[in-house]
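Structure file model27.cif (mmCIF, N, CA and C atoms) follows.
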```cif
data_upload
loop_
_atom_site.label_atom_id
_atom_site.label_comp_id
_atom_site.auth_asym_id
_atom_site.auth_seq_id
_atom_site.Cartn_x
_atom_site.Cartn_y
_atom_site.Cartn_z
N MET A 1 79.72 115.37 38.58
CA MET A 1 79.87 113.98 38.96
C MET A 1 80.71 113.28 37.91
N ARG A 2 81.68 112.52 38.37
CA ARG A 2 82.53 111.80 37.43
C ARG A 2 81.84 110.55 36.93
N VAL A 3 82.38 110.02 35.85
CA VAL A 3 81.80 108.82 35.25
C VAL A 3 81.84 107.66 36.23
N THR A 4 82.95 107.51 36.96
CA THR A 4 83.07 106.39 37.90
C THR A 4 82.02 106.47 38.99
N GLU A 5 81.71 107.69 39.45
CA GLU A 5 80.68 107.83 40.48
C GLU A 5 79.30 107.52 39.91
N ALA A 6 79.07 107.94 38.68
CA ALA A 6 77.77 107.71 38.07
C ALA A 6 77.55 106.23 37.81
N VAL A 7 78.59 105.54 37.39
CA VAL A 7 78.45 104.13 37.06
C VAL A 7 78.43 103.26 38.31
N HIS A 8 79.37 103.52 39.22
CA HIS A 8 79.51 102.65 40.38
C HIS A 8 78.84 103.18 41.64
N GLY A 9 78.52 104.47 41.67
CA GLY A 9 77.95 105.04 42.87
C GLY A 9 78.97 105.16 43.99
N GLU A 10 80.26 105.15 43.67
CA GLU A 10 81.31 105.21 44.67
C GLU A 10 82.22 106.39 44.38
N SER A 11 82.84 106.91 45.40
CA SER A 11 83.75 108.04 45.22
C SER A 11 85.09 107.56 44.68
N ASP A 12 85.87 108.50 44.16
CA ASP A 12 87.21 108.18 43.67
C ASP A 12 88.09 107.64 44.79
N VAL A 13 87.88 108.11 46.01
CA VAL A 13 88.69 107.65 47.14
C VAL A 13 88.45 106.16 47.39
N VAL A 14 87.20 105.76 47.38
CA VAL A 14 86.86 104.35 47.59
C VAL A 14 87.43 103.50 46.45
N LEU A 15 87.28 103.97 45.23
CA LEU A 15 87.79 103.22 44.09
C LEU A 15 89.32 103.12 44.11
N THR A 16 89.97 104.20 44.50
CA THR A 16 91.43 104.18 44.59
C THR A 16 91.89 103.21 45.66
N ARG A 17 91.23 103.23 46.79
CA ARG A 17 91.59 102.31 47.87
C ARG A 17 91.39 100.85 47.43
N ARG A 18 90.30 100.59 46.72
CA ARG A 18 90.04 99.24 46.22
C ARG A 18 91.12 98.81 45.22
N ARG A 19 91.51 99.73 44.32
CA ARG A 19 92.57 99.41 43.35
C ARG A 19 93.91 99.16 44.06
N LEU A 20 94.20 99.96 45.09
CA LEU A 20 95.45 99.77 45.83
C LEU A 20 95.51 98.38 46.48
N MET A 21 94.41 97.97 47.09
CA MET A 21 94.42 96.64 47.73
C MET A 21 94.50 95.54 46.68
N ARG A 22 93.74 95.68 45.58
CA ARG A 22 93.81 94.68 44.51
C ARG A 22 95.23 94.59 43.97
N ASN A 23 95.85 95.74 43.72
CA ASN A 23 97.21 95.75 43.19
C ASN A 23 98.22 95.21 44.19
N THR A 24 97.98 95.42 45.48
CA THR A 24 98.87 94.84 46.49
C THR A 24 98.83 93.32 46.41
N TYR A 25 97.63 92.76 46.29
CA TYR A 25 97.52 91.30 46.16
C TYR A 25 98.17 90.81 44.86
N LEU A 26 98.02 91.56 43.78
CA LEU A 26 98.63 91.16 42.51
C LEU A 26 100.15 91.22 42.57
N VAL A 27 100.70 92.27 43.17
CA VAL A 27 102.15 92.38 43.30
C VAL A 27 102.67 91.25 44.19
N LEU A 28 101.97 90.98 45.27
CA LEU A 28 102.38 89.89 46.16
C LEU A 28 102.30 88.54 45.46
N ALA A 29 101.26 88.32 44.68
CA ALA A 29 101.13 87.07 43.93
C ALA A 29 102.27 86.93 42.92
N ALA A 30 102.62 88.01 42.24
CA ALA A 30 103.73 87.97 41.28
C ALA A 30 105.04 87.67 41.99
N ALA A 31 105.24 88.27 43.16
CA ALA A 31 106.45 88.01 43.93
C ALA A 31 106.51 86.55 44.39
N LEU A 32 105.36 86.01 44.78
CA LEU A 32 105.32 84.60 45.19
C LEU A 32 105.61 83.66 44.03
N VAL A 33 105.06 83.97 42.86
CA VAL A 33 105.34 83.14 41.67
C VAL A 33 106.82 83.22 41.34
N GLY A 34 107.39 84.42 41.42
CA GLY A 34 108.83 84.56 41.18
C GLY A 34 109.66 83.80 42.19
N SER A 35 109.23 83.80 43.45
CA SER A 35 109.98 83.07 44.47
C SER A 35 109.86 81.56 44.27
N LEU A 36 108.71 81.11 43.80
CA LEU A 36 108.54 79.68 43.51
C LEU A 36 109.47 79.24 42.39
N ALA A 37 109.69 80.13 41.42
CA ALA A 37 110.58 79.81 40.32
C ALA A 37 112.02 79.66 40.79
N MET A 38 112.37 80.32 41.89
CA MET A 38 113.73 80.23 42.42
C MET A 38 113.97 78.91 43.16
N ARG A 39 112.91 78.26 43.60
CA ARG A 39 112.98 76.97 44.30
C ARG A 39 113.88 77.00 45.53
N ASP A 40 113.80 78.09 46.26
CA ASP A 40 114.56 78.23 47.51
C ASP A 40 113.54 78.47 48.63
N ALA A 41 113.50 77.56 49.58
CA ALA A 41 112.51 77.64 50.65
C ALA A 41 112.63 78.93 51.45
N GLY A 42 113.84 79.42 51.67
CA GLY A 42 114.03 80.67 52.42
C GLY A 42 113.44 81.86 51.69
N VAL A 43 113.56 81.85 50.37
CA VAL A 43 113.00 82.95 49.57
C VAL A 43 111.48 82.85 49.55
N ILE A 44 110.96 81.66 49.32
CA ILE A 44 109.50 81.48 49.28
C ILE A 44 108.88 81.86 50.62
N PHE A 45 109.45 81.35 51.69
CA PHE A 45 108.91 81.65 53.02
C PHE A 45 109.08 83.13 53.35
N GLY A 46 110.18 83.73 52.92
CA GLY A 46 110.41 85.15 53.17
C GLY A 46 109.38 86.02 52.48
N VAL A 47 109.09 85.74 51.21
CA VAL A 47 108.09 86.53 50.48
C VAL A 47 106.71 86.31 51.10
N ALA A 48 106.38 85.08 51.42
CA ALA A 48 105.06 84.79 52.00
C ALA A 48 104.89 85.46 53.37
N LEU A 49 105.89 85.32 54.23
CA LEU A 49 105.80 85.93 55.56
C LEU A 49 105.81 87.45 55.46
N GLY A 50 106.68 87.99 54.63
CA GLY A 50 106.72 89.44 54.45
C GLY A 50 105.40 89.97 53.91
N GLY A 51 104.81 89.26 52.97
CA GLY A 51 103.52 89.68 52.42
C GLY A 51 102.42 89.63 53.46
N ALA A 52 102.40 88.55 54.24
CA ALA A 52 101.38 88.42 55.29
C ALA A 52 101.54 89.53 56.33
N LEU A 53 102.78 89.80 56.73
CA LEU A 53 103.01 90.87 57.71
C LEU A 53 102.69 92.24 57.12
N GLY A 54 102.99 92.43 55.85
CA GLY A 54 102.66 93.69 55.19
C GLY A 54 101.16 93.92 55.13
N LEU A 55 100.41 92.87 54.79
CA LEU A 55 98.95 92.99 54.75
C LEU A 55 98.38 93.24 56.14
N LEU A 56 98.92 92.55 57.15
CA LEU A 56 98.50 92.77 58.52
C LEU A 56 98.78 94.22 58.91
N ASN A 57 99.95 94.72 58.55
CA ASN A 57 100.32 96.09 58.86
C ASN A 57 99.35 97.09 58.23
N ILE A 58 99.01 96.88 56.95
CA ILE A 58 98.09 97.78 56.26
C ILE A 58 96.73 97.81 56.95
N HIS A 59 96.19 96.62 57.22
CA HIS A 59 94.85 96.55 57.82
C HIS A 59 94.84 97.08 59.26
N TRP A 60 95.87 96.75 60.02
CA TRP A 60 95.94 97.20 61.40
C TRP A 60 96.12 98.72 61.46
N LEU A 61 96.98 99.25 60.61
CA LEU A 61 97.19 100.69 60.57
C LEU A 61 95.92 101.42 60.15
N SER A 62 95.23 100.90 59.15
CA SER A 62 94.00 101.52 58.68
C SER A 62 92.94 101.53 59.76
N ALA A 63 92.77 100.40 60.44
CA ALA A 63 91.77 100.32 61.51
C ALA A 63 92.13 101.23 62.68
N SER A 64 93.39 101.23 63.08
CA SER A 64 93.83 102.08 64.20
C SER A 64 93.67 103.55 63.88
N LEU A 65 94.08 103.93 62.68
CA LEU A 65 93.99 105.33 62.28
C LEU A 65 92.54 105.77 62.14
N GLY A 66 91.69 104.90 61.59
CA GLY A 66 90.27 105.23 61.48
C GLY A 66 89.63 105.43 62.83
N ALA A 67 89.92 104.55 63.78
CA ALA A 67 89.37 104.69 65.13
C ALA A 67 89.91 105.93 65.82
N LEU A 68 91.19 106.19 65.64
CA LEU A 68 91.80 107.37 66.25
C LEU A 68 91.17 108.66 65.72
N LEU A 69 91.01 108.74 64.42
CA LEU A 69 90.45 109.95 63.83
C LEU A 69 88.98 110.13 64.18
N SER A 70 88.22 109.05 64.23
CA SER A 70 86.80 109.20 64.58
C SER A 70 86.64 109.60 66.04
N ASP A 71 87.47 109.03 66.93
CA ASP A 71 87.42 109.43 68.34
C ASP A 71 87.86 110.87 68.52
N ALA A 72 88.90 111.27 67.80
CA ALA A 72 89.40 112.64 67.90
C ALA A 72 88.37 113.63 67.37
N ALA A 73 87.68 113.26 66.29
CA ALA A 73 86.66 114.15 65.73
C ALA A 73 85.47 114.28 66.68
N ARG A 74 85.15 113.18 67.35
CA ARG A 74 84.00 113.18 68.25
C ARG A 74 84.29 113.96 69.54
N SER A 75 85.46 113.71 70.15
CA SER A 75 85.74 114.31 71.46
C SER A 75 86.66 115.52 71.38
N GLY A 76 87.30 115.74 70.24
CA GLY A 76 88.20 116.88 70.12
C GLY A 76 89.62 116.60 70.57
N GLN A 77 89.89 115.39 71.04
CA GLN A 77 91.25 115.03 71.44
C GLN A 77 91.48 113.55 71.18
N ALA A 78 92.73 113.19 71.06
CA ALA A 78 93.08 111.79 70.81
C ALA A 78 92.94 110.99 72.09
N PRO A 79 92.39 109.78 71.99
CA PRO A 79 92.24 108.95 73.19
C PRO A 79 93.62 108.49 73.69
N PRO A 80 93.74 108.20 74.98
CA PRO A 80 95.05 107.84 75.55
C PRO A 80 95.61 106.52 75.01
N TRP A 81 94.77 105.63 74.56
CA TRP A 81 95.24 104.33 74.08
C TRP A 81 95.78 104.39 72.66
N ALA A 82 95.61 105.51 71.97
CA ALA A 82 95.94 105.61 70.55
C ALA A 82 97.41 105.31 70.29
N VAL A 83 98.29 105.92 71.04
CA VAL A 83 99.73 105.72 70.82
C VAL A 83 100.11 104.28 71.14
N SER A 84 99.51 103.70 72.16
CA SER A 84 99.86 102.34 72.55
C SER A 84 99.51 101.33 71.45
N LYS A 85 98.42 101.57 70.69
CA LYS A 85 98.08 100.67 69.59
C LYS A 85 99.11 100.74 68.48
N PHE A 86 99.65 101.93 68.21
CA PHE A 86 100.68 102.07 67.19
C PHE A 86 101.97 101.39 67.63
N ILE A 87 102.33 101.55 68.91
CA ILE A 87 103.54 100.90 69.43
C ILE A 87 103.36 99.39 69.43
N LEU A 88 102.19 98.91 69.82
CA LEU A 88 101.93 97.47 69.81
C LEU A 88 102.07 96.89 68.41
N ARG A 89 101.58 97.61 67.41
CA ARG A 89 101.70 97.15 66.02
C ARG A 89 103.17 96.99 65.63
N TYR A 90 103.97 97.99 65.97
CA TYR A 90 105.41 97.90 65.69
C TYR A 90 106.05 96.73 66.42
N LEU A 91 105.69 96.53 67.66
CA LEU A 91 106.28 95.43 68.44
C LEU A 91 105.90 94.07 67.88
N VAL A 92 104.64 93.89 67.52
CA VAL A 92 104.19 92.59 67.00
C VAL A 92 104.86 92.29 65.67
N ILE A 93 104.84 93.24 64.75
CA ILE A 93 105.41 93.01 63.43
C ILE A 93 106.93 92.90 63.52
N GLY A 94 107.55 93.77 64.31
CA GLY A 94 109.01 93.69 64.49
C GLY A 94 109.45 92.39 65.13
N SER A 95 108.68 91.91 66.10
CA SER A 95 109.00 90.64 66.75
C SER A 95 108.88 89.48 65.78
N ALA A 96 107.84 89.49 64.96
CA ALA A 96 107.67 88.41 63.97
C ALA A 96 108.82 88.42 62.97
N ILE A 97 109.22 89.60 62.51
CA ILE A 97 110.36 89.68 61.58
C ILE A 97 111.64 89.23 62.27
N GLY A 98 111.85 89.69 63.50
CA GLY A 98 113.04 89.29 64.25
C GLY A 98 113.12 87.78 64.47
N LEU A 99 112.00 87.18 64.85
CA LEU A 99 111.98 85.72 65.06
C LEU A 99 112.24 84.97 63.75
N ALA A 100 111.67 85.46 62.68
CA ALA A 100 111.87 84.80 61.39
C ALA A 100 113.34 84.87 60.97
N LEU A 101 113.95 86.02 61.15
CA LEU A 101 115.36 86.16 60.78
C LEU A 101 116.25 85.37 61.73
N TRP A 102 115.90 85.37 63.01
CA TRP A 102 116.67 84.61 64.00
C TRP A 102 116.64 83.12 63.70
N SER A 103 115.55 82.62 63.16
CA SER A 103 115.43 81.19 62.85
C SER A 103 116.40 80.79 61.74
N GLY A 104 116.79 81.74 60.92
CA GLY A 104 117.72 81.44 59.83
C GLY A 104 117.07 80.78 58.63
N ARG A 105 115.76 80.68 58.61
CA ARG A 105 115.05 80.02 57.52
C ARG A 105 114.46 80.99 56.50
N VAL A 106 114.71 82.28 56.70
CA VAL A 106 114.08 83.30 55.87
C VAL A 106 115.16 84.15 55.20
N ASN A 107 114.97 84.40 53.94
CA ASN A 107 115.85 85.30 53.21
C ASN A 107 115.40 86.73 53.49
N LEU A 108 116.32 87.57 53.97
CA LEU A 108 115.97 88.93 54.37
C LEU A 108 115.44 89.74 53.20
N LEU A 109 116.08 89.67 52.05
CA LEU A 109 115.62 90.44 50.89
C LEU A 109 114.22 90.00 50.45
N ALA A 110 113.96 88.71 50.49
CA ALA A 110 112.64 88.19 50.13
C ALA A 110 111.58 88.69 51.12
N LEU A 111 111.94 88.74 52.39
CA LEU A 111 111.03 89.25 53.41
C LEU A 111 110.69 90.72 53.14
N VAL A 112 111.69 91.51 52.78
CA VAL A 112 111.46 92.92 52.46
C VAL A 112 110.59 93.06 51.21
N VAL A 113 110.85 92.24 50.20
CA VAL A 113 110.05 92.29 48.97
C VAL A 113 108.59 92.01 49.28
N GLY A 114 108.31 90.98 50.06
CA GLY A 114 106.93 90.66 50.42
C GLY A 114 106.30 91.75 51.25
N PHE A 115 107.04 92.30 52.21
CA PHE A 115 106.50 93.33 53.08
C PHE A 115 106.18 94.60 52.31
N CYS A 116 106.94 94.87 51.25
CA CYS A 116 106.77 96.11 50.49
C CYS A 116 105.89 95.95 49.26
N ALA A 117 105.04 94.94 49.22
CA ALA A 117 104.14 94.76 48.08
C ALA A 117 103.24 95.98 47.89
N PHE A 118 102.89 96.64 49.00
CA PHE A 118 102.05 97.84 48.91
C PHE A 118 102.77 98.96 48.15
N VAL A 119 104.09 99.01 48.27
CA VAL A 119 104.87 100.04 47.55
C VAL A 119 104.72 99.82 46.04
N GLY A 120 104.77 98.57 45.60
CA GLY A 120 104.55 98.26 44.19
C GLY A 120 103.14 98.65 43.76
N ALA A 121 102.17 98.39 44.63
CA ALA A 121 100.79 98.75 44.31
C ALA A 121 100.62 100.26 44.22
N ALA A 122 101.27 100.98 45.10
CA ALA A 122 101.20 102.45 45.06
C ALA A 122 101.85 102.99 43.80
N THR A 123 102.93 102.35 43.35
CA THR A 123 103.59 102.75 42.12
C THR A 123 102.68 102.53 40.92
N ILE A 124 102.00 101.40 40.89
CA ILE A 124 101.05 101.11 39.82
C ILE A 124 99.93 102.15 39.82
N GLU A 125 99.41 102.46 41.00
CA GLU A 125 98.34 103.44 41.11
C GLU A 125 98.81 104.82 40.67
N ALA A 126 100.02 105.18 41.02
CA ALA A 126 100.56 106.48 40.58
C ALA A 126 100.64 106.53 39.05
N GLY A 127 101.10 105.45 38.44
CA GLY A 127 101.15 105.39 36.98
C GLY A 127 99.77 105.51 36.37
N TYR A 128 98.80 104.85 36.97
CA TYR A 128 97.42 104.92 36.48
C TYR A 128 96.87 106.34 36.59
N GLN A 129 97.13 107.00 37.72
CA GLN A 129 96.64 108.37 37.90
C GLN A 129 97.30 109.33 36.92
N ILE A 130 98.58 109.14 36.65
CA ILE A 130 99.27 109.98 35.66
C ILE A 130 98.67 109.74 34.28
N TYR A 131 98.41 108.48 33.95
CA TYR A 131 97.77 108.16 32.67
C TYR A 131 96.42 108.86 32.56
N ARG A 132 95.59 108.78 33.62
CA ARG A 132 94.28 109.43 33.60
C ARG A 132 94.40 110.94 33.42
N LEU A 133 95.38 111.52 34.09
CA LEU A 133 95.59 112.96 33.98
C LEU A 133 95.98 113.34 32.55
N LEU A 134 96.91 112.60 31.97
CA LEU A 134 97.36 112.91 30.61
C LEU A 134 96.26 112.62 29.59
N ALA A 135 95.51 111.56 29.76
CA ALA A 135 94.43 111.24 28.84
C ALA A 135 93.35 112.30 28.90
N HIS A 136 93.04 112.78 30.09
CA HIS A 136 92.03 113.83 30.25
C HIS A 136 92.52 115.14 29.65
N ARG A 137 93.81 115.40 29.79
CA ARG A 137 94.39 116.62 29.24
C ARG A 137 94.32 116.61 27.72
N GLU A 138 94.59 115.44 27.10
CA GLU A 138 94.54 115.32 25.65
C GLU A 138 93.10 115.48 25.15
N ASP A 139 92.12 114.95 25.90
CA ASP A 139 90.71 115.10 25.51
C ASP A 139 90.28 116.55 25.56
N ALA A 140 90.81 117.31 26.51
CA ALA A 140 90.42 118.70 26.67
C ALA A 140 91.00 119.58 25.57
N THR A 141 92.14 119.18 24.99
CA THR A 141 92.78 120.00 23.95
C THR A 141 92.18 119.74 22.57
N LYS A 142 91.40 118.71 22.44
CA LYS A 142 90.81 118.37 21.11
C LYS A 142 89.58 119.18 20.86
#
```
Target format structure tokens, applied to this file:
Amino acid sequence: MRVTEAVHGESDVVLTRRRLMRNTYLVLAAALVGSLAMRDAGVIFGVALGGALGLLNIHWLSASLGALLSDAARSGQAPPWAVSKFILRYLVIGSAIGLALWSGRVNLLALVVGFCAFVGAATIEAGYQIYRLLAHREDATK
């Protein structure tokens, strides 16, 4: 049993997922602060809308995939509605991005930065995992 499980009673997977979401919010908050410093409404709105759509995408994908996998495990096959939920997610998010860009009030790069906050969080998590691996390796050699 690892120290984190003994202390928190949670698995590494749960802790990693929690860190990823926390880091996503932190990256998004940093991007919003940076956009506020630019004092451009298109940039601020782009980061905010991109971040909101990115968070919606993460939660919707997680819920859809969880339901799909549990139904597939239970019945041995994927339910017929599974693909339609994935397509609907793409249509809703794509339509929101398209409407925002069509309005001309959103900076495209800012929208991408907000939408990709999870990528920054994943990068932070990868760095943390590498640090843990190297720190554990150094402890084992002593």
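For region 89-96 of chain A, the non-local neighbours within 8 Å, defined as residues at least 2 positions apart in the same chain or in other chains and counting only C-alpha atoms, are Leu53, Asn57, Trp60, Leu61, Lys85, Phe86, Ile87, Gly98, Leu99 and Ala100 of chain A.
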A straight line from atom C of Pro80 (chain A) to atom N of Val14 (chain A) spans 28.9 Å
Per-residue nearest contacts region 38-57 of chain A to region 117-130 of chain A, cut-off 8 Å, using all atoms listed in the file, as CSV:
```
residue,atom,partner,partner_atom,distance
A:Gly50,C,A:Ala117,N,6.8
A:Gly51,CA,A:Ala117,N,6.3
A:Gly54,CA,A:Ala117,N,6.5
A:Leu55,N,A:Phe118,N,7.3
```
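Atom pair atom C of Ala29 (chain A) / atom N of Ala48 (chain A) has a distance of 9.6 Å (rounded to one decimal).
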I would like the residues chosen by the PyMOL selection byres ((chain A and resi 38-42) around 7) on the shown file; could you give them as a ChimeraX atom specification?
-> /A:33-37,43-47,104-108,110
For CA of Val83 (chain A) and CA of Ser64 (chain A), quote the distance in Å rounded to one decimal.
-> 9.6 Å
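Using only C-alpha atoms, the shortest contact distance between Leu101 (chain A) and any of A:Ala135, A:Leu88, A:Leu56, A:Leu49 is found at A:Leu49.
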Kindly compute an axis-aligned box around the listed atoms of region 73-80 of chain A, allowing 4 Å on each side, and express its centre and edge lengths in Å to one decimal as lines of an AutoDock Vina configuration file.
```
center_x = 89.8
center_y = 111.7
center_z = 70.6
size_x = 19.6
size_y = 18.4
size_z = 17.8
```
